[in-house]
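Participant: Contents of start_35.txt (compact mmCIF, C-alpha atoms):
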# COMPACT_ATOMS: atom_id res chain seq x y z
CA MET A 1 101.63 101.14 85.75
CA LYS A 2 102.68 101.09 89.35
CA LYS A 3 101.87 104.12 91.46
CA LEU A 4 104.83 106.09 92.79
CA LYS A 5 104.35 106.81 96.49
CA ILE A 6 105.46 110.32 97.36
CA CYS A 7 103.99 110.39 100.87
CA SER A 8 106.98 110.26 103.20
CA ILE A 9 105.65 108.68 106.38
CA LEU A 10 109.16 107.62 107.34
CA MET A 11 111.92 108.62 105.02
CA ALA A 12 114.68 106.05 105.55
CA MET A 13 115.26 106.98 109.17
CA VAL A 14 117.50 103.98 109.79
CA MET A 15 120.56 106.14 109.22
CA VAL A 16 121.99 105.15 112.58
CA THR A 17 122.47 101.63 111.27
CA GLY A 18 125.95 102.25 109.93
CA MET A 19 125.16 105.95 109.96
CA PHE A 20 126.78 107.58 106.93
CA MET A 21 129.21 104.68 106.71
CA ALA A 22 132.04 105.12 104.23
CA GLY A 23 132.43 102.78 101.30
CA CYS A 24 128.79 101.77 100.83
CA LYS A 25 128.45 103.57 97.49
CA LYS A 26 130.76 105.38 95.15
CA SER A 27 129.65 108.77 93.93
CA GLU A 28 129.85 109.20 90.18
CA THR A 29 130.89 112.81 90.80
CA SER A 30 133.54 112.18 93.47
CA ALA A 31 136.48 114.57 93.35
CA SER A 32 138.83 111.77 94.37
CA ALA A 33 138.92 108.12 93.50
CA ASP A 34 139.19 107.42 97.20
CA SER A 35 136.25 109.58 98.27
CA SER A 36 133.39 107.51 99.65
CA ALA A 37 129.68 108.23 99.79
CA SER A 38 127.19 106.99 102.32
CA ASP A 39 124.00 105.10 101.64
CA THR A 40 122.28 108.45 101.96
CA GLY A 41 124.46 110.23 99.43
CA ILE A 42 126.35 112.58 101.76
CA SER A 43 130.09 112.33 101.22
CA LEU A 44 132.59 111.42 103.91
CA ASN A 45 135.98 113.06 103.59
CA VAL A 46 138.30 110.10 103.53
CA ASP A 47 141.94 111.17 103.22
CA PRO A 48 143.00 110.33 99.63
CA ASP A 49 146.55 109.75 100.89
CA THR A 50 145.46 106.72 102.89
CA THR A 51 147.94 103.85 102.55
CA GLY A 52 148.06 100.33 103.87
CA SER A 53 149.29 96.80 103.32
CA ASP A 54 147.93 93.32 103.72
CA THR A 55 149.94 93.00 106.96
CA GLY A 56 149.14 95.68 109.49
CA LEU A 57 146.78 97.93 107.51
CA THR A 58 146.91 101.53 108.74
CA ILE A 59 144.10 103.85 107.72
CA SER A 60 144.27 107.57 108.42
CA THR A 61 141.12 109.62 108.09
CA ALA A 62 140.79 113.38 108.27
CA PRO A 63 138.19 114.73 110.72
CA MET A 64 135.24 116.25 108.90
CA THR A 65 133.00 119.13 109.87
CA PHE A 66 129.35 120.08 109.54
CA GLU A 67 130.41 122.47 106.76
CA ASP A 68 131.93 119.58 104.79
CA ASN A 69 128.49 118.01 104.50
CA PHE A 70 126.34 121.13 104.04
CA ASP A 71 127.07 124.58 102.63
CA ALA A 72 126.14 127.83 104.39
CA ALA A 73 122.82 128.13 102.53
CA ALA A 74 121.69 124.67 103.65
CA ILE A 75 122.82 125.26 107.24
CA ALA A 76 120.77 128.49 107.23
CA GLU A 77 117.68 126.37 106.53
CA MET A 78 118.35 124.04 109.48
CA ASN A 79 118.21 124.36 113.27
CA LYS A 80 114.47 125.08 113.35
CA ILE A 81 112.16 124.29 116.26
CA VAL A 82 108.72 122.99 115.31
CA ASN A 83 105.62 121.94 117.26
CA VAL A 84 103.30 119.42 115.62
CA HIS A 85 100.10 118.45 117.43
CA GLY A 86 101.64 119.09 120.83
CA THR A 87 104.96 117.37 120.10
CA GLN A 88 107.98 119.68 120.18
CA PHE A 89 110.76 118.91 117.71
CA SER A 90 114.17 120.32 118.61
CA ALA A 91 116.80 121.74 116.28
CA VAL A 92 118.54 118.36 116.33
CA ASP A 93 115.28 116.63 115.37
CA TYR A 94 114.76 119.08 112.53
CA ASN A 95 118.33 118.64 111.30
CA PHE A 96 117.97 114.87 111.36
CA TYR A 97 114.94 114.96 109.06
CA PHE A 98 116.55 117.65 106.92
CA ALA A 99 119.75 115.62 106.52
CA ASN A 100 117.72 112.54 105.55
CA GLU A 101 115.78 114.39 102.88
CA TYR A 102 118.81 116.31 101.65
CA ALA A 103 120.78 113.07 101.37
CA GLN A 104 117.99 111.33 99.47
CA MET A 105 117.85 114.18 96.96
CA MET A 106 121.64 114.14 96.54
CA SER A 107 121.63 110.38 96.04
CA MET A 108 118.89 110.62 93.41
CA TYR A 109 120.80 113.42 91.68
CA MET A 110 124.15 111.60 91.69
CA TYR A 111 122.66 108.38 90.34
CA GLY A 112 120.65 110.10 87.62
CA GLN A 113 117.25 109.34 89.13
CA ALA A 114 116.20 113.01 89.32
CA SER A 115 117.43 116.46 88.39
CA PHE A 116 117.81 119.13 91.08
CA PRO A 117 119.50 122.57 91.05
CA VAL A 118 123.02 122.27 92.46
CA THR A 119 125.80 124.76 93.14
CA ALA A 120 129.22 124.81 91.51
CA ALA A 121 130.58 123.22 94.68
CA GLY A 122 128.18 120.28 94.32
CA PHE A 123 125.66 121.13 97.07
CA LEU A 124 121.91 121.40 96.56
CA ASP A 125 121.11 124.99 95.56
CA MET A 126 118.70 126.17 98.26
CA SER A 127 117.57 129.16 96.19
CA GLY A 128 117.23 127.13 93.01
CA GLN A 129 113.74 126.84 91.53
CA LEU A 130 112.49 123.29 91.75
CA THR A 131 109.15 124.33 90.26
CA PRO A 132 107.92 127.75 89.06
CA THR A 133 106.55 128.40 92.57
CA LYS A 134 108.88 126.43 94.86
CA THR A 135 112.59 126.60 95.68
CA VAL A 136 114.69 123.68 96.85
CA ALA A 137 114.66 125.14 100.38
CA GLN A 138 110.85 125.34 100.41
CA TYR A 139 110.56 121.80 99.10
CA LEU A 140 112.92 120.46 101.75
CA GLN A 141 110.96 122.19 104.51
CA GLU A 142 107.74 120.62 103.21
CA LEU A 143 109.36 117.18 103.30
CA VAL A 144 110.66 117.69 106.82
CA VAL A 145 107.26 118.83 108.06
CA SER A 146 105.63 115.84 106.34
CA ASP A 147 108.04 113.49 108.12
CA MET A 148 107.21 115.08 111.46
CA GLN A 149 103.47 114.96 110.87
CA GLY A 150 103.62 111.27 109.97
CA GLU A 151 105.74 110.51 113.00
CA VAL A 152 103.42 112.30 115.42
CA TYR A 153 100.35 110.60 113.96
CA LEU A 154 101.92 107.18 114.43
CA LEU A 155 103.26 107.99 117.89
CA ASP A 156 99.72 109.00 118.87
CA TYR A 157 98.51 105.63 117.59
CA ALA A 158 101.22 103.81 119.56
CA LYS A 159 100.23 105.68 122.72
CA SER A 160 96.55 104.87 122.23
CA LYS A 161 97.44 101.16 122.02
CA ASN A 162 99.92 101.22 124.92
CA LEU A 163 102.75 100.02 122.69
CA SER A 164 106.30 100.07 124.03
CA LEU A 165 109.73 98.87 122.93
CA ASP A 166 110.93 95.51 124.22
CA GLU A 167 114.45 94.58 125.30
CA THR A 168 115.29 93.10 121.91
CA ILE A 169 114.61 96.37 120.11
CA LEU A 170 116.45 98.41 122.75
CA LYS A 171 119.42 96.06 122.38
CA SER A 172 119.39 96.57 118.61
CA ILE A 173 119.58 100.33 119.15
CA ASP A 174 122.56 99.85 121.46
CA ASP A 175 124.25 97.74 118.79
CA GLN A 176 123.67 100.41 116.14
CA PHE A 177 125.26 103.07 118.29
CA ALA A 178 128.19 100.78 119.01
CA GLU A 179 128.79 100.54 115.26
CA THR A 180 128.44 104.30 114.87
CA LYS A 181 130.99 104.79 117.65
CA LYS A 182 133.46 102.62 115.74
CA THR A 183 132.92 104.75 112.65
CA ALA A 184 133.54 107.91 114.68
CA GLU A 185 136.75 106.46 116.09
CA GLY A 186 137.91 105.82 112.54
CA TYR A 187 137.76 109.58 112.05
CA ASN A 188 139.57 110.24 115.33
CA MET A 189 136.37 111.66 116.78
CA THR A 190 134.04 110.95 119.66
CA ILE A 191 130.57 109.76 118.72
CA ASP A 192 129.08 113.15 119.67
CA GLN A 193 131.65 115.00 117.55
CA TYR A 194 130.86 112.71 114.65
CA LEU A 195 127.11 113.18 114.96
CA GLN A 196 127.60 116.94 115.10
CA THR A 197 129.17 116.87 111.64
CA LEU A 198 125.96 115.33 110.34
CA TYR A 199 123.21 116.97 112.40
CA GLY A 200 124.64 120.20 113.75
CA PRO A 201 126.43 121.48 116.86
CA GLU A 202 123.70 120.37 119.28
CA ALA A 203 123.66 116.74 118.12
CA SER A 204 124.62 114.04 120.59
CA GLU A 205 124.24 110.32 121.15
CA LYS A 206 121.49 111.06 123.68
CA ALA A 207 119.49 113.16 121.19
CA LEU A 208 119.92 110.67 118.34
CA ARG A 209 119.06 107.76 120.61
CA ALA A 210 115.71 109.43 121.38
CA ILE A 211 115.09 109.86 117.65
CA LEU A 212 115.85 106.21 116.95
CA GLN A 213 113.61 105.08 119.80
CA ARG A 214 110.77 107.09 118.27
CA TYR A 215 111.49 105.49 114.92
CA GLU A 216 111.29 102.00 116.41
CA THR A 217 108.04 102.95 118.17
CA ILE A 218 106.65 104.06 114.82
CA ASN A 219 107.64 100.72 113.29
CA LEU A 220 105.84 99.03 116.15
CA ALA A 221 102.73 101.14 115.52
CA MET A 222 102.63 100.27 111.82
CA LYS A 223 103.15 96.59 112.52
CA HIS A 224 100.38 96.60 115.13
CA TYR A 225 97.96 98.42 112.79
CA VAL A 226 98.56 95.91 109.99
CA GLU A 227 98.28 92.88 112.27
CA GLU A 228 95.05 94.09 113.86
CA TYR A 229 93.39 95.48 110.73
CA PRO A 230 89.79 94.15 110.31
CA PHE A 231 89.61 93.16 106.65
CA THR A 232 86.31 93.06 104.82
CA GLU A 233 85.55 90.43 102.20
CA GLU A 234 85.50 93.13 99.54
CA GLU A 235 89.02 94.29 100.50
CA THR A 236 90.52 90.81 100.18
CA LYS A 237 88.90 90.06 96.82
CA LEU A 238 91.50 91.45 94.43
CA PRO A 239 91.16 92.04 90.67
CA THR A 240 93.72 90.57 88.31
CA VAL A 241 94.06 92.49 85.05
CA TYR A 242 96.24 92.46 81.98
CA HIS A 243 97.09 95.79 80.39
CA VAL A 244 98.95 97.06 77.35
CA LEU A 245 100.24 100.63 77.57
CA PHE A 246 100.50 102.85 74.52
CA PRO A 247 102.54 105.72 76.00
CA THR A 248 101.96 109.45 75.69
CA VAL A 249 105.22 110.23 77.46
CA ASP A 250 108.83 109.90 76.33
CA LEU A 251 110.10 106.62 77.78
CA THR A 252 113.64 107.99 78.10
CA ASN A 253 112.95 111.16 80.09
CA GLY A 254 109.26 111.11 81.11
CA GLY A 255 108.39 114.25 79.16
CA GLU A 256 105.04 114.56 77.40
CA LEU A 257 104.92 113.67 73.71
CA PRO A 258 103.65 116.18 71.11
CA ASP A 259 99.90 116.22 70.49
CA ASP A 260 100.21 114.37 67.17
CA LYS A 261 102.10 111.54 68.89
CA LYS A 262 99.47 111.39 71.63
CA ALA A 263 96.78 111.08 68.95
CA GLU A 264 98.76 108.26 67.33
CA ALA A 265 98.98 106.45 70.68
CA LYS A 266 95.22 106.72 71.15
CA LYS A 267 94.54 105.44 67.62
CA SER A 268 97.00 102.56 68.12
CA ALA A 269 95.28 101.58 71.38
CA GLU A 270 91.86 101.61 69.69
CA ASP A 271 93.12 99.53 66.76
CA PHE A 272 94.79 97.06 69.09
CA LYS A 273 91.61 96.66 71.18
CA ALA A 274 89.62 95.89 68.06
CA GLY A 275 92.22 93.57 66.57
CA PHE A 276 91.92 90.34 68.57
CA THR A 277 89.24 87.89 69.62
CA ASP A 278 90.72 86.08 72.64
CA PHE A 279 93.12 86.66 75.55
CA ASP A 280 95.95 84.51 74.18
CA THR A 281 95.94 86.42 70.90
CA MET A 282 95.96 89.71 72.82
CA LYS A 283 99.04 88.69 74.80
CA THR A 284 100.87 87.45 71.70
CA LYS A 285 100.24 90.68 69.81
CA ALA A 286 101.13 92.76 72.86
CA GLU A 287 104.49 91.05 73.23
CA GLU A 288 105.22 91.65 69.55
CA LEU A 289 104.47 95.34 69.94
CA LYS A 290 106.54 95.52 73.12
CA THR A 291 109.51 93.97 71.32
CA ALA A 292 109.06 96.47 68.51
CA GLY A 293 108.98 99.35 71.01
CA THR A 294 105.43 100.42 70.17
CA VAL A 295 104.08 99.77 73.66
CA ALA A 296 105.75 100.59 76.97
CA GLU A 297 104.36 97.72 78.98
CA ALA A 298 102.35 94.52 78.52
CA SER A 299 101.83 93.05 81.97
CA GLN A 300 99.44 91.24 84.29
CA TYR A 301 98.82 92.58 87.81
CA THR A 302 96.84 91.54 90.82
CA VAL A 303 95.93 94.98 92.12
CA SER A 304 95.70 96.21 95.70
CA ARG A 305 94.25 99.62 96.52
CA GLY A 306 96.86 102.35 96.61
CA GLN A 307 99.14 100.47 94.23
CA MET A 308 98.26 102.01 90.87
CA VAL A 309 97.53 105.46 89.51
CA LYS A 310 93.97 106.66 90.10
CA GLU A 311 92.30 105.97 86.74
CA PHE A 312 93.90 102.54 86.41
CA GLU A 313 92.86 101.57 89.92
CA GLU A 314 89.30 102.87 89.55
CA TRP A 315 88.77 100.68 86.49
CA CYS A 316 90.19 97.64 88.28
CA PHE A 317 87.88 98.03 91.27
CA THR A 318 84.74 98.65 89.23
CA PRO A 319 82.75 95.35 89.15
CA HIS A 320 83.79 93.27 86.13
CA GLN A 321 83.21 89.97 84.40
CA VAL A 322 86.06 87.85 83.07
CA GLY A 323 86.94 89.12 79.59
CA ASP A 324 85.79 92.71 80.09
CA LEU A 325 87.81 94.97 77.81
CA ASP A 326 88.31 98.73 77.83
CA ILE A 327 90.73 101.61 77.22
CA VAL A 328 91.80 103.69 80.21
CA GLN A 329 93.71 106.95 79.88
CA THR A 330 96.24 107.89 82.59
CA GLN A 331 99.13 110.33 82.84
CA TYR A 332 101.28 107.68 81.16
CA GLY A 333 99.13 107.04 78.12
CA TYR A 334 96.36 104.74 76.92
CA HIS A 335 96.01 101.36 78.62
CA VAL A 336 94.10 98.59 76.87
CA MET A 337 92.65 96.73 79.87
CA TYR A 338 91.52 93.09 80.04
CA PHE A 339 89.88 91.72 83.18
CA VAL A 340 91.35 88.29 83.98
CA GLU A 341 89.81 87.18 87.31
CA TYR A 342 89.31 87.86 91.01
CA VAL A 343 91.72 86.26 93.50
CA ASP A 344 91.92 86.09 97.28
CA ALA A 345 94.63 88.32 98.73
CA ASP A 346 97.65 86.55 100.21
CA GLY A 347 99.47 87.63 103.37
CA GLU A 348 101.74 90.13 101.66
CA GLN A 349 98.84 91.66 99.74
CA LYS A 350 96.80 91.96 102.92
CA SER A 351 99.66 93.83 104.54
CA SER A 352 99.75 96.21 101.57
CA ILE A 353 95.99 96.76 101.85
CA ALA A 354 96.20 97.54 105.56
CA TYR A 355 99.21 99.79 105.09
CA ALA A 356 97.44 101.73 102.33
CA LYS A 357 94.47 102.20 104.64
CA LEU A 358 96.79 103.53 107.35
CA GLN A 359 98.26 105.99 104.85
CA ASP A 360 94.78 107.17 103.87
CA GLU A 361 93.77 107.70 107.48
CA MET A 362 96.96 109.56 108.26
CA GLU A 363 96.66 111.80 105.21
CA GLU A 364 93.08 112.67 106.08
CA ALA A 365 94.10 113.61 109.62
CA ILE A 366 96.88 115.82 108.30
CA LYS A 367 94.59 117.49 105.76
CA SER A 368 92.22 118.42 108.58
CA GLY A 369 94.80 120.89 109.89
CA GLU A 370 95.12 119.11 113.21
CA TYR A 371 98.80 118.44 112.51
CA ASP A 372 99.74 121.82 111.04
CA PRO A 373 103.27 122.86 112.15
CA LYS A 374 104.03 125.81 114.41
CA PHE A 375 107.55 127.20 114.06
CA SER A 376 109.30 128.99 116.91
Let's see the structure in the file written out as structure tokens.

Facilitator:
Amino acid sequence: MKKLKICSILMAMVMVTGMFMAGCKKSETSASADSSASDTGISLNVDPDTTGSDTGLTISTAPMTFEDNFDAAAIAEMNKIVNVHGTQFSAVDYNFYFANEYAQMMSMYMYGQASFPVTAAGFLDMSGQLTPTKTVAQYLQELVVSDMQGEVYLLDYAKSKNLSLDETILKSIDDQFAETKKTAEGYNMTIDQYLQTLYGPEASEKALRAILQRYETINLAMKHYVEEYPFTEEETKLPTVYHVLFPTVDLTNGGELPDDKKAEAKKSAEDFKAGFTDFDTMKTKAEELKTAGTVAEASQYTVSRGQMVKEFEEWCFTPHQVGDLDIVQTQYGYHVMYFVEYVDADGEQKSSIAYAKLQDEMEEAIKSGEYDPKFS
């Protein structure tokens, strides 16, 4: 069972590449058949009366406003100034992160990937309870702060290594803003006016350019860390395992099964473990159960650290002999585990190992309190 990463080091900050471009996705909840949604899930107000022909297409778009993209409750949560580890984030910076996170949540909601409280008008409900102790507004602020903390940590790393952007990267930023300018012109707006509809009245090309330059510096820092990471032999010796999952959660909605069903899953896992004598027989039986819907997964993985849920990963990285067999319980159910072999990590797997180590180091630094935010 693959581990879902919820640590948002950099939450899709490449918005400026076709920033909120119309026509990339269609919202399932669009009010008009001609309404378009961006890659980030925030709607652009394309005039539904647009007409054109194959010869001399004329497209008319209605200028949008900040209030078209966010309701008053969301705007009240924006425009904050935050200091993280000596780096001051302006209201525009804050709004940029907020818009990214807001858009991700809206996209997940619209495409049925998650359920969030929304208003009758279709905006995220800032006062809605996401958990018994946390509102949507509180959750969004946590995400924004997490983005800022990750950015500052990586900018500190880049500074310590004397990393700087080259002409190729700077040219790519110029190109992205040129595309954004074209989009703005399509709405009969200047680029600054367009950006202000997305990130608030203080937004400008200059402010967003600084944000994108920081983003590219962060990319540079991560790339440098991975390329220079000193691997140990133990880190590059990866376990390959086969597992069969007897779930204790509902496969359709992720909810926990009743206790009697959990007990059945445990008993089924125990019976399965005792019911074969060799690996080939195990795989054959597992596939039969998977086809019948009794098991959720029957798969082989070569596991890197940080890839799987804790209990699964701990078993994988405990020393094993080929053929070792066990049952491991995780939040998803009971996994019948079979140890296949050790393999040497390839280039992609090494990158994942180094990146996971960077995440661990960053999270530890943040937990220390050194990167706690100060609002002003």

Participant: Looking at A:Pro247, A:Pro239, A:Pro201, A:Gly86, which one is nearest to Glu370 in chain A, with distances taken over all atoms listed in the file?

Facilitator: A:Gly86

Participant: When distances are computed from only C-alpha atoms, which of A:Val226, A:Ile191, A:Ala296, A:Ala269 shows the smallest separation from Ser351 in chain A?

Facilitator: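 The shortest atom-to-atom distance to Ser351 in chain A comes from A:Val226.
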
Participant: Write out as a count of residues only the residues lying within 9 Å of range 148-163 of chain A, counting only C-alpha atoms and excluding same-chain residues fewer than 3 positions away.

Facilitator: 31

Participant: Do you know which residues are at most 12 Å from range 275-287 of chain A counting only C-alpha atoms, after dropping those on the same chain fewer than 3 positions away, and could you put them as a PDB file with C-alpha atoms, in the coordinates of the input?

Facilitator:
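Written out: around_22.pdb:
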ATOM      1  CA  VAL A 241      94.060  92.490  85.050  1.00  0.00           C
ATOM      2  CA  TYR A 242      96.240  92.460  81.980  1.00  0.00           C
ATOM      3  CA  HIS A 243      97.090  95.790  80.390  1.00  0.00           C
ATOM      4  CA  VAL A 244      98.950  97.060  77.350  1.00  0.00           C
ATOM      5  CA  LEU A 245     100.240 100.630  77.570  1.00  0.00           C
ATOM      6  CA  PHE A 246     100.500 102.850  74.520  1.00  0.00           C
ATOM      7  CA  SER A 268      97.000 102.560  68.120  1.00  0.00           C
ATOM      8  CA  ALA A 269      95.280 101.580  71.380  1.00  0.00           C
ATOM      9  CA  GLU A 270      91.860 101.610  69.690  1.00  0.00           C
ATOM     10  CA  ASP A 271      93.120  99.530  66.760  1.00  0.00           C
ATOM     11  CA  PHE A 272      94.790  97.060  69.090  1.00  0.00           C
ATOM     12  CA  LYS A 290     106.540  95.520  73.120  1.00  0.00           C
ATOM     13  CA  THR A 291     109.510  93.970  71.320  1.00  0.00           C
ATOM     14  CA  ALA A 292     109.060  96.470  68.510  1.00  0.00           C
ATOM     15  CA  GLY A 293     108.980  99.350  71.010  1.00  0.00           C
ATOM     16  CA  THR A 294     105.430 100.420  70.170  1.00  0.00           C
ATOM     17  CA  VAL A 295     104.080  99.770  73.660  1.00  0.00           C
ATOM     18  CA  ALA A 296     105.750 100.590  76.970  1.00  0.00           C
ATOM     19  CA  GLU A 297     104.360  97.720  78.980  1.00  0.00           C
ATOM     20  CA  ALA A 298     102.350  94.520  78.520  1.00  0.00           C
ATOM     21  CA  SER A 299     101.830  93.050  81.970  1.00  0.00           C
ATOM     22  CA  GLN A 300      99.440  91.240  84.290  1.00  0.00           C
ATOM     23  CA  VAL A 322      86.060  87.850  83.070  1.00  0.00           C
ATOM     24  CA  GLY A 323      86.940  89.120  79.590  1.00  0.00           C
ATOM     25  CA  ASP A 324      85.790  92.710  80.090  1.00  0.00           C
ATOM     26  CA  LEU A 325      87.810  94.970  77.810  1.00  0.00           C
ATOM     27  CA  HIS A 335      96.010 101.360  78.620  1.00  0.00           C
ATOM     28  CA  VAL A 336      94.100  98.590  76.870  1.00  0.00           C
ATOM     29  CA  MET A 337      92.650  96.730  79.870  1.00  0.00           C
ATOM     30  CA  TYR A 338      91.520  93.090  80.040  1.00  0.00           C
ATOM     31  CA  PHE A 339      89.880  91.720  83.180  1.00  0.00           C
ATOM     32  CA  VAL A 340      91.350  88.290  83.980  1.00  0.00           C
TER      33      VAL A 340
END

Participant: What separation in Å, quoted to one decimal, exists between CA of Gln88 in chain A and CA of Lys206 in chain A?

Facilitator: 16.4 Å

Participant: So, with all atoms listed in the file as the atoms that count, which of A:Ala184, A:Ile353, A:Ala99, A:Val92 lies closest to Thr232 in chain A?

Facilitator: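 Selected residue with least distance to Thr232 in chain A: A:Ile353.
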
Participant: Quote the spacing between CA of Ala137 in chain A and CA of Glu77 in chain A in Å to one decimal place.

Facilitator: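 If I compute the distance from CA of Ala137 in chain A to CA of Glu77 in chain A, I get 7.0 Å.
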
Participant: Report, in Å to a single decimal, how far apart CA of Val136 in chain A and CA of Thr65 in chain A are.

Facilitator: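 Those two atoms sit 22.9 Å apart.
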
Participant: With distances taken over only C-alpha atoms, which of A:Leu130, A:Leu195, A:Met64, A:Leu165 is nearest to Ala114 in chain A?

Facilitator: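 Under the stated criterion, the closest residue is A:Leu130.
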
Participant: Rank nothing, just name the residue among A:Ser368, A:Tyr109, A:Gly333, A:Glu311 nearest to Lys261 in chain A, using all atoms listed in the file.

Facilitator: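 Between A:Ser368, A:Tyr109, A:Gly333, A:Glu311, the residue approaching Lys261 in chain A most closely is A:Gly333.
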
Participant: Residues at most 12 Å from Ile75 in chain A, counting only C-alpha atoms, excluding those fewer than 2 positions away in the same chain, as a JSON list (two decimals) with C-alpha atoms, keeping the file's coordinate frame?

Facilitator:
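Contents of result.json, freshly written:
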[["chain", "number", "residue", "atom", "x", "y", "z"],
["A", 66, "PHE", "CA", 129.35, 120.08, 109.54],
["A", 67, "GLU", "CA", 130.41, 122.47, 106.76],
["A", 68, "ASP", "CA", 131.93, 119.58, 104.79],
["A", 69, "ASN", "CA", 128.49, 118.01, 104.50],
["A", 70, "PHE", "CA", 126.34, 121.13, 104.04],
["A", 71, "ASP", "CA", 127.07, 124.58, 102.63],
["A", 72, "ALA", "CA", 126.14, 127.83, 104.39],
["A", 73, "ALA", "CA", 122.82, 128.13, 102.53],
["A", 77, "GLU", "CA", 117.68, 126.37, 106.53],
["A", 78, "MET", "CA", 118.35, 124.04, 109.48],
["A", 79, "ASN", "CA", 118.21, 124.36, 113.27],
["A", 80, "LYS", "CA", 114.47, 125.08, 113.35],
["A", 91, "ALA", "CA", 116.80, 121.74, 116.28],
["A", 94, "TYR", "CA", 114.76, 119.08, 112.53],
["A", 95, "ASN", "CA", 118.33, 118.64, 111.30],
["A", 98, "PHE", "CA", 116.55, 117.65, 106.92],
["A", 99, "ALA", "CA", 119.75, 115.62, 106.52],
["A", 102, "TYR", "CA", 118.81, 116.31, 101.65],
["A", 123, "PHE", "CA", 125.66, 121.13, 97.07],
["A", 124, "LEU", "CA", 121.91, 121.40, 96.56],
["A", 125, "ASP", "CA", 121.11, 124.99, 95.56],
["A", 126, "MET", "CA", 118.70, 126.17, 98.26],
["A", 137, "ALA", "CA", 114.66, 125.14, 100.38],
["A", 197, "THR", "CA", 129.17, 116.87, 111.64],
["A", 198, "LEU", "CA", 125.96, 115.33, 110.34],
["A", 199, "TYR", "CA", 123.21, 116.97, 112.40],
["A", 200, "GLY", "CA", 124.64, 120.20, 113.75],
["A", 201, "PRO", "CA", 126.43, 121.48, 116.86]]
